[in-house]
file target_32.tsv (TSV, C-alpha atoms)
chain	number	residue	atom	x	y	z
A	884	MET	CA	6.44	39.51	-139.31
A	885	ASN	CA	3.88	36.85	-140.00
A	886	LYS	CA	5.80	33.60	-139.62
A	887	GLN	CA	4.57	30.52	-141.39
A	888	ARG	CA	3.18	28.14	-138.83
A	889	CYS	CA	1.79	24.67	-138.93
A	890	PRO	CA	-2.00	25.11	-138.95
A	891	ALA	CA	-2.45	21.93	-136.91
A	892	CYS	CA	-0.03	22.44	-134.00
A	893	GLY	CA	1.33	25.97	-134.45
A	894	SER	CA	4.95	24.94	-134.84
A	895	ILE	CA	7.20	27.03	-137.10
A	896	ASP	CA	9.34	24.02	-137.92
A	897	ILE	CA	7.98	23.38	-141.38
A	898	ILE	CA	9.73	21.70	-144.28
A	899	ASP	CA	8.72	22.56	-147.84
A	900	GLU	CA	9.06	19.59	-150.13
A	901	LYS	CA	8.13	18.92	-153.74
A	902	LYS	CA	5.86	16.06	-154.67
A	903	ASN	CA	4.51	14.75	-157.97
A	904	ILE	CA	0.85	14.03	-158.38
A	905	LEU	CA	-1.07	12.61	-161.32
A	906	ILE	CA	-4.15	14.48	-162.51
A	907	LYS	CA	-6.48	12.50	-164.74
A	908	GLU	CA	-9.46	13.56	-166.80
A	909	PRO	CA	-11.78	11.16	-168.64
A	910	PHE	CA	-10.92	11.19	-172.38
A	911	GLY	CA	-8.32	13.88	-171.68
A	912	GLY	CA	-5.43	11.75	-170.53
A	913	GLN	CA	-3.30	12.65	-167.57
A	914	ASP	CA	-0.61	15.09	-166.48
A	915	ASN	CA	2.05	14.71	-163.87
A	916	ILE	CA	2.57	17.93	-161.94
A	917	GLU	CA	4.95	18.97	-159.21
A	918	ILE	CA	3.31	20.50	-156.17
A	919	HIS	CA	4.48	21.85	-152.81
A	920	GLU	CA	4.00	19.72	-149.75
A	921	ASN	CA	4.52	21.36	-146.38
A	922	ILE	CA	5.47	18.96	-143.62
A	923	CYS	CA	5.45	19.87	-139.94
A	924	SER	CA	8.50	18.38	-138.22
A	925	LEU	CA	6.77	18.48	-134.85
A	926	CYS	CA	3.33	16.90	-135.39
A	927	GLY	CA	3.90	15.24	-138.76
A	928	SER	CA	0.94	16.93	-140.44
A	929	ARG	CA	1.44	17.51	-144.12
A	930	GLY	CA	-0.38	19.34	-146.87
A	931	ASP	CA	-0.62	22.58	-148.77
A	932	PHE	CA	-0.66	24.83	-145.71
A	933	PHE	CA	-0.33	28.09	-147.61
A	934	ASN	CA	-2.46	27.55	-150.74
A	935	GLN	CA	0.49	27.26	-153.09
A	936	ASN	CA	-0.91	24.45	-155.26
A	937	GLU	CA	-4.47	25.50	-155.94
A	938	THR	CA	-3.81	27.53	-159.10
A	939	LEU	CA	-1.54	24.93	-160.69
A	940	ILE	CA	-4.02	22.09	-160.05
A	941	ASP	CA	-6.91	24.19	-161.34
A	942	GLU	CA	-5.06	25.15	-164.53
A	943	THR	CA	-3.97	21.56	-165.16
A	944	ILE	CA	-7.56	20.34	-164.84
A	945	LYS	CA	-8.75	23.05	-167.24
A	946	LYS	CA	-6.06	22.06	-169.74
A	947	LEU	CA	-7.01	18.37	-169.50
A	948	LYS	CA	-10.72	19.18	-169.85
A	949	GLN	CA	-9.94	21.11	-173.04
A	950	ARG	CA	-7.93	18.14	-174.29
A	951	SER	CA	-10.86	15.90	-173.37
A	952	ILE	CA	-13.29	18.01	-175.42
A	953	GLU	CA	-10.96	18.07	-178.42
A	954	SER	CA	-10.48	14.32	-178.26
A	955	ILE	CA	-14.23	13.66	-178.07
A	956	LEU	CA	-15.02	16.05	-180.92
A	957	ASN	CA	-12.27	14.50	-183.07
A	958	ASP	CA	-13.84	11.10	-182.42
A	959	PHE	CA	-17.21	12.46	-183.58
A	960	ILE	CA	-15.62	13.79	-186.76
A	961	ASN	CA	-13.82	10.49	-187.39
A	962	SER	CA	-17.15	8.68	-186.94
A	963	LYS	CA	-18.64	10.93	-189.64
A	964	MET	CA	-20.94	12.68	-187.18
A	965	SER	CA	-21.30	16.30	-188.22
A	966	MET	CA	-21.02	18.86	-185.49
A	967	SER	CA	-23.87	20.92	-186.86
A	968	SER	CA	-26.23	17.93	-186.66
A	969	ILE	CA	-25.18	17.25	-183.08
A	970	GLU	CA	-25.78	20.92	-182.24
A	971	ARG	CA	-29.17	20.78	-183.93
A	972	ALA	CA	-30.21	17.60	-182.11
A	973	LEU	CA	-29.11	18.97	-178.76
A	974	GLU	CA	-30.63	22.39	-179.52
A	975	ILE	CA	-27.41	24.22	-178.79
A	976	PRO	CA	-26.34	27.17	-180.95
A	977	GLN	CA	-24.67	26.30	-184.24
A	978	ARG	CA	-20.86	26.42	-184.19
A	979	THR	CA	-20.75	25.93	-180.43
A	980	LEU	CA	-18.80	22.68	-180.78
A	981	THR	CA	-16.45	24.16	-183.37
A	982	LYS	CA	-15.73	27.05	-181.04
A	983	TRP	CA	-15.02	24.59	-178.23
A	984	LYS	CA	-12.72	22.60	-180.48
A	985	ASN	CA	-10.88	25.67	-181.78
A	986	ARG	CA	-10.60	27.11	-178.26
A	987	THR	CA	-12.50	30.22	-179.30
A	988	ASN	CA	-14.87	29.47	-176.42
A	989	THR	CA	-14.42	27.36	-173.33
A	990	PRO	CA	-17.14	24.85	-172.57
A	991	SER	CA	-18.77	25.06	-169.17
A	992	SER	CA	-18.51	22.10	-166.79
A	993	ALA	CA	-22.04	21.15	-167.86
A	994	GLY	CA	-20.94	21.23	-171.51
A	995	VAL	CA	-17.99	18.96	-170.78
A	996	ALA	CA	-20.25	16.53	-168.90
A	997	LEU	CA	-22.73	16.52	-171.82
A	998	MET	CA	-19.98	15.71	-174.32
A	999	ARG	CA	-18.75	12.86	-172.14
A	1000	PHE	CA	-22.22	11.35	-171.94
A	1001	ILE	CA	-22.64	11.61	-175.71
A	1002	LYS	CA	-19.24	10.02	-176.22
A	1003	LEU	CA	-20.18	7.10	-173.94
A	1004	PHE	CA	-23.80	6.76	-175.07
A	1005	PRO	CA	-24.14	8.12	-178.63
A	1006	TRP	CA	-27.75	6.89	-178.72
A	1007	LEU	CA	-28.60	9.83	-176.44
A	1008	LEU	CA	-28.44	11.94	-179.60
A	1009	GLU	CA	-31.26	9.84	-181.03
A	1010	VAL	CA	-33.19	10.44	-177.82
A	1011	ALA	CA	-32.68	14.18	-178.31
A	1012	GLU	CA	-33.75	13.87	-181.96
A	1013	ASN	CA	-37.02	12.38	-180.68
A	1014	LYS	CA	-37.54	15.40	-178.44
A	1015	TYR	CA	-36.85	13.41	-175.28
A	1016	ASP	CA	-40.10	11.48	-175.64
A	1017	TYR	CA	-40.11	8.95	-172.81
A	1018	ASN	CA	-41.46	5.99	-174.79
A	1019	GLU	CA	-39.13	6.59	-177.73
A	1020	ALA	CA	-36.23	7.01	-175.33
A	1021	GLN	CA	-37.00	3.66	-173.71
A	1022	LYS	CA	-37.10	1.93	-177.10
A	1023	ILE	CA	-33.84	3.53	-178.20
A	1024	HIS	CA	-32.19	2.61	-174.91
A	1025	ILE	CA	-33.35	-1.02	-175.01
A	1026	ASN	CA	-32.42	-1.36	-178.66
A	1027	ALA	CA	-28.94	-0.05	-177.93
A	1028	ALA	CA	-28.62	-2.53	-175.07
A	1029	ILE	CA	-29.77	-5.44	-177.25
A	1030	GLN	CA	-27.35	-4.46	-180.01
A	1031	LYS	CA	-24.60	-4.52	-177.42
A	1032	LEU	CA	-25.75	-7.83	-175.96
A	1033	LEU	CA	-26.42	-9.89	-179.09
A	1034	PRO	CA	-22.81	-10.25	-180.29
A	1035	GLU	CA	-21.93	-11.58	-176.85
A	1036	ILE	CA	-24.37	-14.50	-177.12
A	1037	ASP	CA	-23.02	-17.66	-178.64
A	1038	PHE	CA	-26.11	-19.06	-180.32
A	1039	LEU	CA	-24.31	-22.22	-181.37
A	1040	LYS	CA	-23.56	-23.30	-177.85
A	1041	GLU	CA	-25.44	-26.43	-176.89
A	1042	ASP	CA	-26.69	-25.14	-173.60
A	1043	PHE	CA	-28.19	-22.16	-175.36
A	1044	ILE	CA	-30.20	-24.47	-177.62
A	1045	GLU	CA	-31.42	-26.37	-174.64
A	1046	ALA	CA	-32.22	-23.17	-172.85
A	1047	GLY	CA	-34.07	-21.69	-175.79
A	1048	GLY	CA	-37.30	-20.16	-174.64
A	1049	ILE	CA	-38.30	-16.96	-172.93
A	1050	VAL	CA	-36.89	-14.47	-170.48
A	1051	ALA	CA	-39.66	-12.30	-169.10
A	1052	THR	CA	-39.83	-9.38	-166.71
A	1053	SER	CA	-42.88	-7.37	-165.67
A	1054	GLY	CA	-42.21	-4.92	-168.51
A	1055	SER	CA	-40.70	-6.98	-171.30
A	1056	ALA	CA	-40.17	-10.44	-172.72
A	1057	LEU	CA	-37.33	-11.80	-174.82
A	1058	PHE	CA	-38.17	-14.87	-176.91
A	1059	TYR	CA	-35.33	-16.79	-178.43
A	1060	LYS	CA	-35.54	-19.79	-180.66
A	1061	TYR	CA	-33.03	-22.02	-182.40
A	1062	TYR	CA	-33.93	-24.31	-185.26
A	1063	GLU	CA	-32.57	-26.08	-188.28
A	1064	LYS	CA	-34.37	-25.94	-191.61
A	1065	LYS	CA	-33.66	-26.70	-195.21
A	1066	ASP	CA	-33.26	-23.65	-197.43
A	1067	MET	CA	-34.32	-23.24	-201.06
A	1068	ASN	CA	-31.30	-25.23	-202.21
A	1069	ASN	CA	-32.24	-28.05	-199.89
A	1070	GLN	CA	-29.26	-27.28	-197.66
A	1071	GLU	CA	-29.59	-27.68	-193.87
A	1072	ARG	CA	-29.30	-24.21	-192.28
A	1073	ILE	CA	-29.26	-23.01	-188.68
A	1074	TYR	CA	-31.58	-20.21	-187.71
A	1075	ASN	CA	-31.72	-18.08	-184.58
A	1076	GLU	CA	-34.67	-15.91	-183.82
A	1077	VAL	CA	-34.72	-13.32	-181.09
A	1078	THR	CA	-37.86	-11.29	-180.47
A	1079	LEU	CA	-38.15	-8.57	-177.91
A	1080	ILE	CA	-41.53	-7.36	-176.74
A	1081	THR	CA	-41.65	-4.39	-174.43
A	1082	ASN	CA	-44.61	-3.02	-172.63
A	1083	ILE	CA	-44.06	0.72	-172.59
A	1084	GLU	CA	-47.05	2.68	-171.48
B	633	MET	CA	-22.45	14.36	-128.72
B	634	SER	CA	-20.08	16.23	-131.02
B	635	TYR	CA	-17.45	18.53	-129.57
B	636	TYR	CA	-17.80	21.22	-132.24
B	637	ARG	CA	-20.93	22.68	-133.75
B	638	TYR	CA	-20.98	21.35	-137.31
B	639	THR	CA	-22.51	24.62	-138.55
B	640	ASP	CA	-19.42	26.51	-137.32
B	641	PHE	CA	-17.23	24.26	-139.45
B	642	LYS	CA	-19.59	24.53	-142.39
B	643	ASN	CA	-19.72	28.31	-142.13
B	644	ALA	CA	-15.93	28.47	-142.06
B	645	CYS	CA	-15.91	26.51	-145.33
B	646	GLU	CA	-17.91	29.34	-146.85
B	647	ASN	CA	-16.72	32.49	-145.13
B	648	ASP	CA	-13.28	31.76	-143.76
B	649	ARG	CA	-11.68	29.56	-146.38
B	650	ASP	CA	-8.09	30.56	-145.70
B	651	ASN	CA	-8.53	29.14	-142.23
B	652	VAL	CA	-9.75	25.73	-143.35
B	653	ILE	CA	-6.91	23.42	-144.33
B	654	PRO	CA	-7.24	19.89	-145.70
B	655	ILE	CA	-4.24	17.92	-144.43
B	656	ASN	CA	-2.51	14.58	-144.94
B	657	ASN	CA	-4.33	12.40	-147.50
B	658	VAL	CA	-7.47	14.54	-147.70
B	659	PRO	CA	-6.78	16.27	-151.07
B	660	GLU	CA	-5.83	12.98	-152.71
B	661	ASN	CA	-8.83	11.09	-151.33
B	662	ALA	CA	-11.23	13.91	-152.15
B	663	ARG	CA	-9.95	13.82	-155.71
B	664	ASN	CA	-9.96	10.04	-156.14
B	665	ASP	CA	-13.05	9.12	-154.13
B	666	PHE	CA	-15.34	12.11	-154.72
B	667	ASN	CA	-14.12	13.93	-157.88
B	668	LEU	CA	-13.36	16.99	-155.75
B	669	ASN	CA	-10.15	18.14	-157.36
B	670	THR	CA	-9.24	21.30	-155.51
B	671	LYS	CA	-9.54	22.66	-152.00
B	672	LEU	CA	-12.09	25.15	-153.30
B	673	GLN	CA	-14.29	22.39	-154.72
B	674	LEU	CA	-14.08	20.47	-151.45
B	675	LEU	CA	-15.06	23.48	-149.33
B	676	ASP	CA	-17.85	24.42	-151.76
B	677	PHE	CA	-19.18	20.88	-151.51
B	678	ILE	CA	-19.21	21.02	-147.69
B	679	HIS	CA	-20.82	24.44	-147.35
B	680	CYS	CA	-23.45	23.59	-149.99
B	681	ASP	CA	-24.66	20.70	-147.80
B	682	GLY	CA	-23.02	18.06	-149.96
B	683	LEU	CA	-22.57	15.85	-146.90
B	684	GLU	CA	-26.02	14.28	-146.72
B	685	ASN	CA	-27.42	12.12	-143.94
B	686	LEU	CA	-24.62	13.39	-141.74
B	687	THR	CA	-24.24	11.02	-138.81
B	688	PHE	CA	-21.98	11.76	-135.87
B	689	VAL	CA	-19.54	8.91	-135.24
B	690	ASN	CA	-17.32	9.97	-132.33
B	691	THR	CA	-15.03	12.55	-130.77
B	692	LYS	CA	-11.43	11.63	-130.04
B	693	ASP	CA	-8.30	13.43	-128.96
B	694	TRP	CA	-5.94	14.32	-131.77
B	695	GLU	CA	-3.29	11.63	-131.40
B	696	ASN	CA	-0.39	13.55	-132.94
B	697	ASN	CA	-0.86	16.63	-130.80
B	698	PRO	CA	2.63	17.51	-129.57
B	699	ASN	CA	1.19	19.60	-126.73
B	700	LYS	CA	-0.53	17.00	-124.57
B	701	ASN	CA	-1.44	19.68	-122.01
B	702	LYS	CA	-3.78	21.26	-124.51
B	703	PRO	CA	-5.81	18.44	-126.03
B	704	ILE	CA	-7.41	19.06	-129.41
B	705	LYS	CA	-10.60	17.20	-130.14
B	706	VAL	CA	-11.41	15.57	-133.48
B	707	ASP	CA	-15.04	15.10	-134.50
B	708	ALA	CA	-15.82	12.34	-136.98
B	709	TYR	CA	-18.96	11.93	-139.08
B	710	GLU	CA	-20.27	9.62	-141.74
B	711	PHE	CA	-22.28	10.94	-144.65
B	712	THR	CA	-23.76	9.89	-147.94
B	713	SER	CA	-23.48	11.50	-151.33
B	714	MET	CA	-25.37	9.92	-154.20
B	715	TYR	CA	-24.20	6.28	-154.14
B	716	LYS	CA	-21.24	6.86	-151.85
B	717	LEU	CA	-20.80	6.51	-148.15
B	718	GLY	CA	-18.15	8.87	-146.81
B	719	TYR	CA	-16.24	9.68	-143.67
B	720	ILE	CA	-15.01	13.08	-142.54
B	721	ALA	CA	-13.02	14.06	-139.48
B	722	PHE	CA	-12.08	17.60	-138.57
B	723	MET	CA	-10.65	19.59	-135.68
B	724	HIS	CA	-9.99	23.17	-134.69
B	725	ASN	CA	-6.81	24.57	-133.21
B	726	ASP	CA	-7.71	27.62	-131.13
B	727	GLU	CA	-4.10	28.75	-131.06
B	728	THR	CA	-3.70	28.94	-134.84
B	729	ASN	CA	-7.43	29.58	-135.38
B	730	LYS	CA	-7.47	27.00	-138.16
B	731	TRP	CA	-9.95	24.28	-138.99
B	732	LEU	CA	-8.16	21.14	-140.13
B	733	ILE	CA	-9.89	18.55	-142.27
B	734	LYS	CA	-8.04	15.53	-141.05
B	735	SER	CA	-9.85	12.78	-142.97
B	736	PHE	CA	-12.14	12.74	-145.96
B	737	HIS	CA	-12.60	9.39	-147.66
B	738	LEU	CA	-14.99	6.58	-148.42
B	739	SER	CA	-16.29	5.00	-145.26
B	740	THR	CA	-15.20	1.49	-144.45
B	741	ASN	CA	-18.30	0.98	-142.33
B	742	ARG	CA	-19.78	-1.87	-144.33
B	743	ASN	CA	-22.72	-2.29	-141.98
B	744	MET	CA	-23.95	1.19	-142.73
B	745	ALA	CA	-23.39	0.66	-146.46
B	746	ILE	CA	-25.54	-2.44	-146.36
B	747	TYR	CA	-28.13	-0.67	-144.24
B	748	LEU	CA	-28.31	2.21	-146.73
B	749	ALA	CA	-28.51	-0.16	-149.69
B	750	MET	CA	-31.33	-2.04	-147.99
B	751	GLY	CA	-33.05	1.24	-147.31
B	752	GLU	CA	-32.82	2.23	-150.98
B	753	ALA	CA	-34.23	-1.12	-152.00
B	754	GLY	CA	-37.12	-0.53	-149.60
B	755	LEU	CA	-36.20	-3.60	-147.58
B	756	ILE	CA	-35.85	-1.90	-144.23
B	757	ASN	CA	-39.43	-0.74	-144.13
B	758	LYS	CA	-40.61	-4.21	-145.13
B	759	LEU	CA	-38.53	-5.80	-142.38
B	760	GLU	CA	-39.79	-3.30	-139.85
B	761	GLU	CA	-43.39	-3.92	-140.94
B	762	GLU	CA	-42.87	-7.65	-140.49
B	763	HIS	CA	-41.67	-7.08	-136.95
B	764	GLU	CA	-44.53	-4.82	-136.00
call {"tool": "encode", "arguments": {"input": "target_32.tsv", "output": "structure tokens"}}
result
Amino acid sequence: MNKQRCPACGSIDIIDEKKNILIKEPFGGQDNIEIHENICSLCGSRGDFFNQNETLIDETIKKLKQRSIESILNDFINSKMSMSSIERALEIPQRTLTKWKNRTNTPSSAGVALMRFIKLFPWLLEVAENKYDYNEAQKIHINAAIQKLLPEIDFLKEDFIEAGGIVATSGSALFYKYYEKKDMNNQERIYNEVTLITNIE
Amino acid sequence: MSYYRYTDFKNACENDRDNVIPINNVPENARNDFNLNTKLQLLDFIHCDGLENLTFVNTKDWENNPNKNKPIKVDAYEFTSMYKLGYIAFMHNDETNKWLIKSFHLSTNRNMAIYLAMGEAGLINKLEEEHE
């Protein structure tokens, strides 16, 4: 009879215990599962000596990935992004996303990764719409970054006024200017101007 | 010099998977540090040359070996993968004919991390040129 032995030291004195582990998937939440843990009483090695956990872990990950896809696609729908337009932009067959959402088809790992990138960086769809043109992609990327950055800048802070000027790199320059001017109603108004110039060959 | 031939270990990860066992914290660290969620993914990663810039660290006796008359050696390596610096240690028990992956985690060798970062930034070549 093939006795179960510790793979590390060869002892047959093995304890089978249960242990809970947390499996997480981005945008898919997490699941707590109970797995076997074999512990050798002689050498103290522990682990899944007899491949008892592999299937359960694999199935849990698949389930969470499916949940992740459904959550991302629901977010797209709630943001009024139509699935057919996403499919068109990404040049994937129509109804692919619907089939993923309805579990008619299972997305590949590459499909799941793509959806996660689109969820994190929706402007990638605009890049796809522009046929992955490098220059357009750079503009879209920088514009997205600026849109993200601008609300974080407090233009009314004194030190910003004093620091008003230019930030330049070898490929771009950001001019910012603060000034006060009277408007048509002769009221004093504060103006902020931000100009970005990029040198994209 | 390493005690085992790394290619033997790598080949076992491809052709003899039942006899390669990740033990102790390896599955958890592989999952948390390297997104390798299952044993199969870990072994696939190793046999597909996922451990890049493999650098031998040392060979030591397995400390927990209950049979001190038959020492079992543990080989340790550092490696890189994308932006990560990793550490792997494995051993083979001839009696059970099993490969044991004893450690698999991010390396704590900060010097090497800095060295690699400097290399990526092109600073090492510049420094070397200055010293020539």
call {"tool": "residues_around", "arguments": {"input": "target_32.tsv", "residues": "range 662-667 of chain B", "least_positions_apart": "6", "cutoff": "10 Å", "atoms": "all atoms listed in the file", "output": "list in words"}}
result
Ile906 and Lys907 of chain A; Pro654, Gln673, Leu674, Ser713, Lys716, Gly718, Ser735, Phe736, His737 and Leu738 of chain B
call {"tool": "closest_residue", "arguments": {"input": "target_32.tsv", "among": "A:Tyr1061, A:Phe932, A:Tyr1074, A:Trp1006", "to": "Glu1019 in chain A", "atoms": "only C-alpha atoms"}}
result
A:Trp1006
call {"tool": "atom_distance", "arguments": {"input": "target_32.tsv", "atom1": "CA of Leu1057 in chain A", "atom2": "CA of Leu1007 in chain A"}}
result
23.4 Å
call {"tool": "interface_residues", "arguments": {"input": "target_32.tsv", "of": "chain A", "to": "chain B", "cutoff": "6 Å", "atoms": "all atoms listed in the file", "output": "list in words"}}
result
Pro890, Gly893, Cys926, Arg929 and Gly930 of chain A
call {"tool": "residues_around", "arguments": {"input": "target_32.tsv", "residues": "range 960-975 of chain A", "least_positions_apart": "4", "cutoff": "9 Å", "atoms": "all atoms listed in the file", "output": "PDB file with C-alpha atoms, in the coordinates of the input"}}
result
ATOM      1  CA  ILE A 955     -14.230  13.660-178.070  1.00  0.00           C
ATOM      2  CA  LEU A 956     -15.020  16.050-180.920  1.00  0.00           C
ATOM      3  CA  THR A 979     -20.750  25.930-180.430  1.00  0.00           C
ATOM      4  CA  LEU A 980     -18.800  22.680-180.780  1.00  0.00           C
ATOM      5  CA  THR A 981     -16.450  24.160-183.370  1.00  0.00           C
ATOM      6  CA  LEU A1008     -28.440  11.940-179.600  1.00  0.00           C
ATOM      7  CA  GLU A1009     -31.260   9.840-181.030  1.00  0.00           C
ATOM      8  CA  VAL A1010     -33.190  10.440-177.820  1.00  0.00           C
ATOM      9  CA  ALA A1011     -32.680  14.180-178.310  1.00  0.00           C
ATOM     10  CA  GLU A1012     -33.750  13.870-181.960  1.00  0.00           C
ATOM     11  CA  ASN A1013     -37.020  12.380-180.680  1.00  0.00           C
ATOM     12  CA  LYS A1014     -37.540  15.400-178.440  1.00  0.00           C
TER      13      LYS A1014
END
call {"tool": "residues_around", "arguments": {"input": "target_32.tsv", "residues": "Glu953 in chain A", "least_positions_apart": "2", "cutoff": "9 Å", "atoms": "only C-alpha atoms", "output": "MDAnalysis selection string"}}
result
chainID A and resid 911 948:951 955:958 983:985
call {"tool": "write_last_selection", "arguments": {"input": "target_32.tsv", "atoms": "C-alpha atoms", "output": "PDB file, in the coordinates of the input"}}
result
ATOM      1  CA  GLY A 911      -8.320  13.880-171.680  1.00  0.00           C
ATOM      2  CA  LYS A 948     -10.720  19.180-169.850  1.00  0.00           C
ATOM      3  CA  GLN A 949      -9.940  21.110-173.040  1.00  0.00           C
ATOM      4  CA  ARG A 950      -7.930  18.140-174.290  1.00  0.00           C
ATOM      5  CA  SER A 951     -10.860  15.900-173.370  1.00  0.00           C
ATOM      6  CA  ILE A 955     -14.230  13.660-178.070  1.00  0.00           C
ATOM      7  CA  LEU A 956     -15.020  16.050-180.920  1.00  0.00           C
ATOM      8  CA  ASN A 957     -12.270  14.500-183.070  1.00  0.00           C
ATOM      9  CA  ASP A 958     -13.840  11.100-182.420  1.00  0.00           C
ATOM     10  CA  TRP A 983     -15.020  24.590-178.230  1.00  0.00           C
ATOM     11  CA  LYS A 984     -12.720  22.600-180.480  1.00  0.00           C
ATOM     12  CA  ASN A 985     -10.880  25.670-181.780  1.00  0.00           C
TER      13      ASN A 985
END
call {"tool": "atom_distance", "arguments": {"input": "target_32.tsv", "atom1": "CA of Glu908 in chain A", "atom2": "CA of Tyr719 in chain B"}}
result
24.4 Å
call {"tool": "atom_distance", "arguments": {"input": "target_32.tsv", "atom1": "CA of Thr1078 in chain A", "atom2": "CA of Lys1060 in chain A"}}
result
8.8 Å
call {"tool": "closest_residue", "arguments": {"input": "target_32.tsv", "among": "A:Lys886, A:Ser924, A:Arg999, A:Asn988", "to": "Phe910 in chain A", "atoms": "all atoms listed in the file"}}
result
A:Arg999
call {"tool": "closest_residue", "arguments": {"input": "target_32.tsv", "among": "B:Asp693, B:Asp676, B:Glu646, B:Asp681", "to": "Ala708 in chain B", "atoms": "all atoms listed in the file"}}
result
B:Asp693
call {"tool": "closest_residue", "arguments": {"input": "target_32.tsv", "among": "B:Leu683, B:Asn661, B:Met633, B:Leu675", "to": "Asp707 in chain B", "atoms": "all atoms listed in the file"}}
result
B:Met633
call {"tool": "residues_around", "arguments": {"input": "target_32.tsv", "residues": "Asn690 in chain B", "least_positions_apart": "2", "cutoff": "12 Å", "atoms": "all atoms listed in the file", "output": "CSV table (one decimal) with C-alpha atoms, in the frame of the given file"}}
result
chain,number,residue,atom,x,y,z
B,633,MET,CA,-22.4,14.4,-128.7
B,634,SER,CA,-20.1,16.2,-131.0
B,635,TYR,CA,-17.4,18.5,-129.6
B,636,TYR,CA,-17.8,21.2,-132.2
B,687,THR,CA,-24.2,11.0,-138.8
B,688,PHE,CA,-22.0,11.8,-135.9
B,692,LYS,CA,-11.4,11.6,-130.0
B,693,ASP,CA,-8.3,13.4,-129.0
B,705,LYS,CA,-10.6,17.2,-130.1
B,706,VAL,CA,-11.4,15.6,-133.5
B,707,ASP,CA,-15.0,15.1,-134.5
B,708,ALA,CA,-15.8,12.3,-137.0
B,709,TYR,CA,-19.0,11.9,-139.1
B,710,GLU,CA,-20.3,9.6,-141.7
B,719,TYR,CA,-16.2,9.7,-143.7
B,720,ILE,CA,-15.0,13.1,-142.5
B,721,ALA,CA,-13.0,14.1,-139.5
B,722,PHE,CA,-12.1,17.6,-138.6
call {"tool": "closest_residue", "arguments": {"input": "target_32.tsv", "among": "A:Tyr1062, A:Leu1079, A:Ile916, A:Ile1049", "to": "Asp941 in chain A", "atoms": "all atoms listed in the file"}}
result
A:Ile916
call {"tool": "closest_residue", "arguments": {"input": "target_32.tsv", "among": "A:Leu1032, A:Val995, A:Ile904, A:Gln935", "to": "Glu917 in chain A", "atoms": "all atoms listed in the file"}}
result
A:Ile904
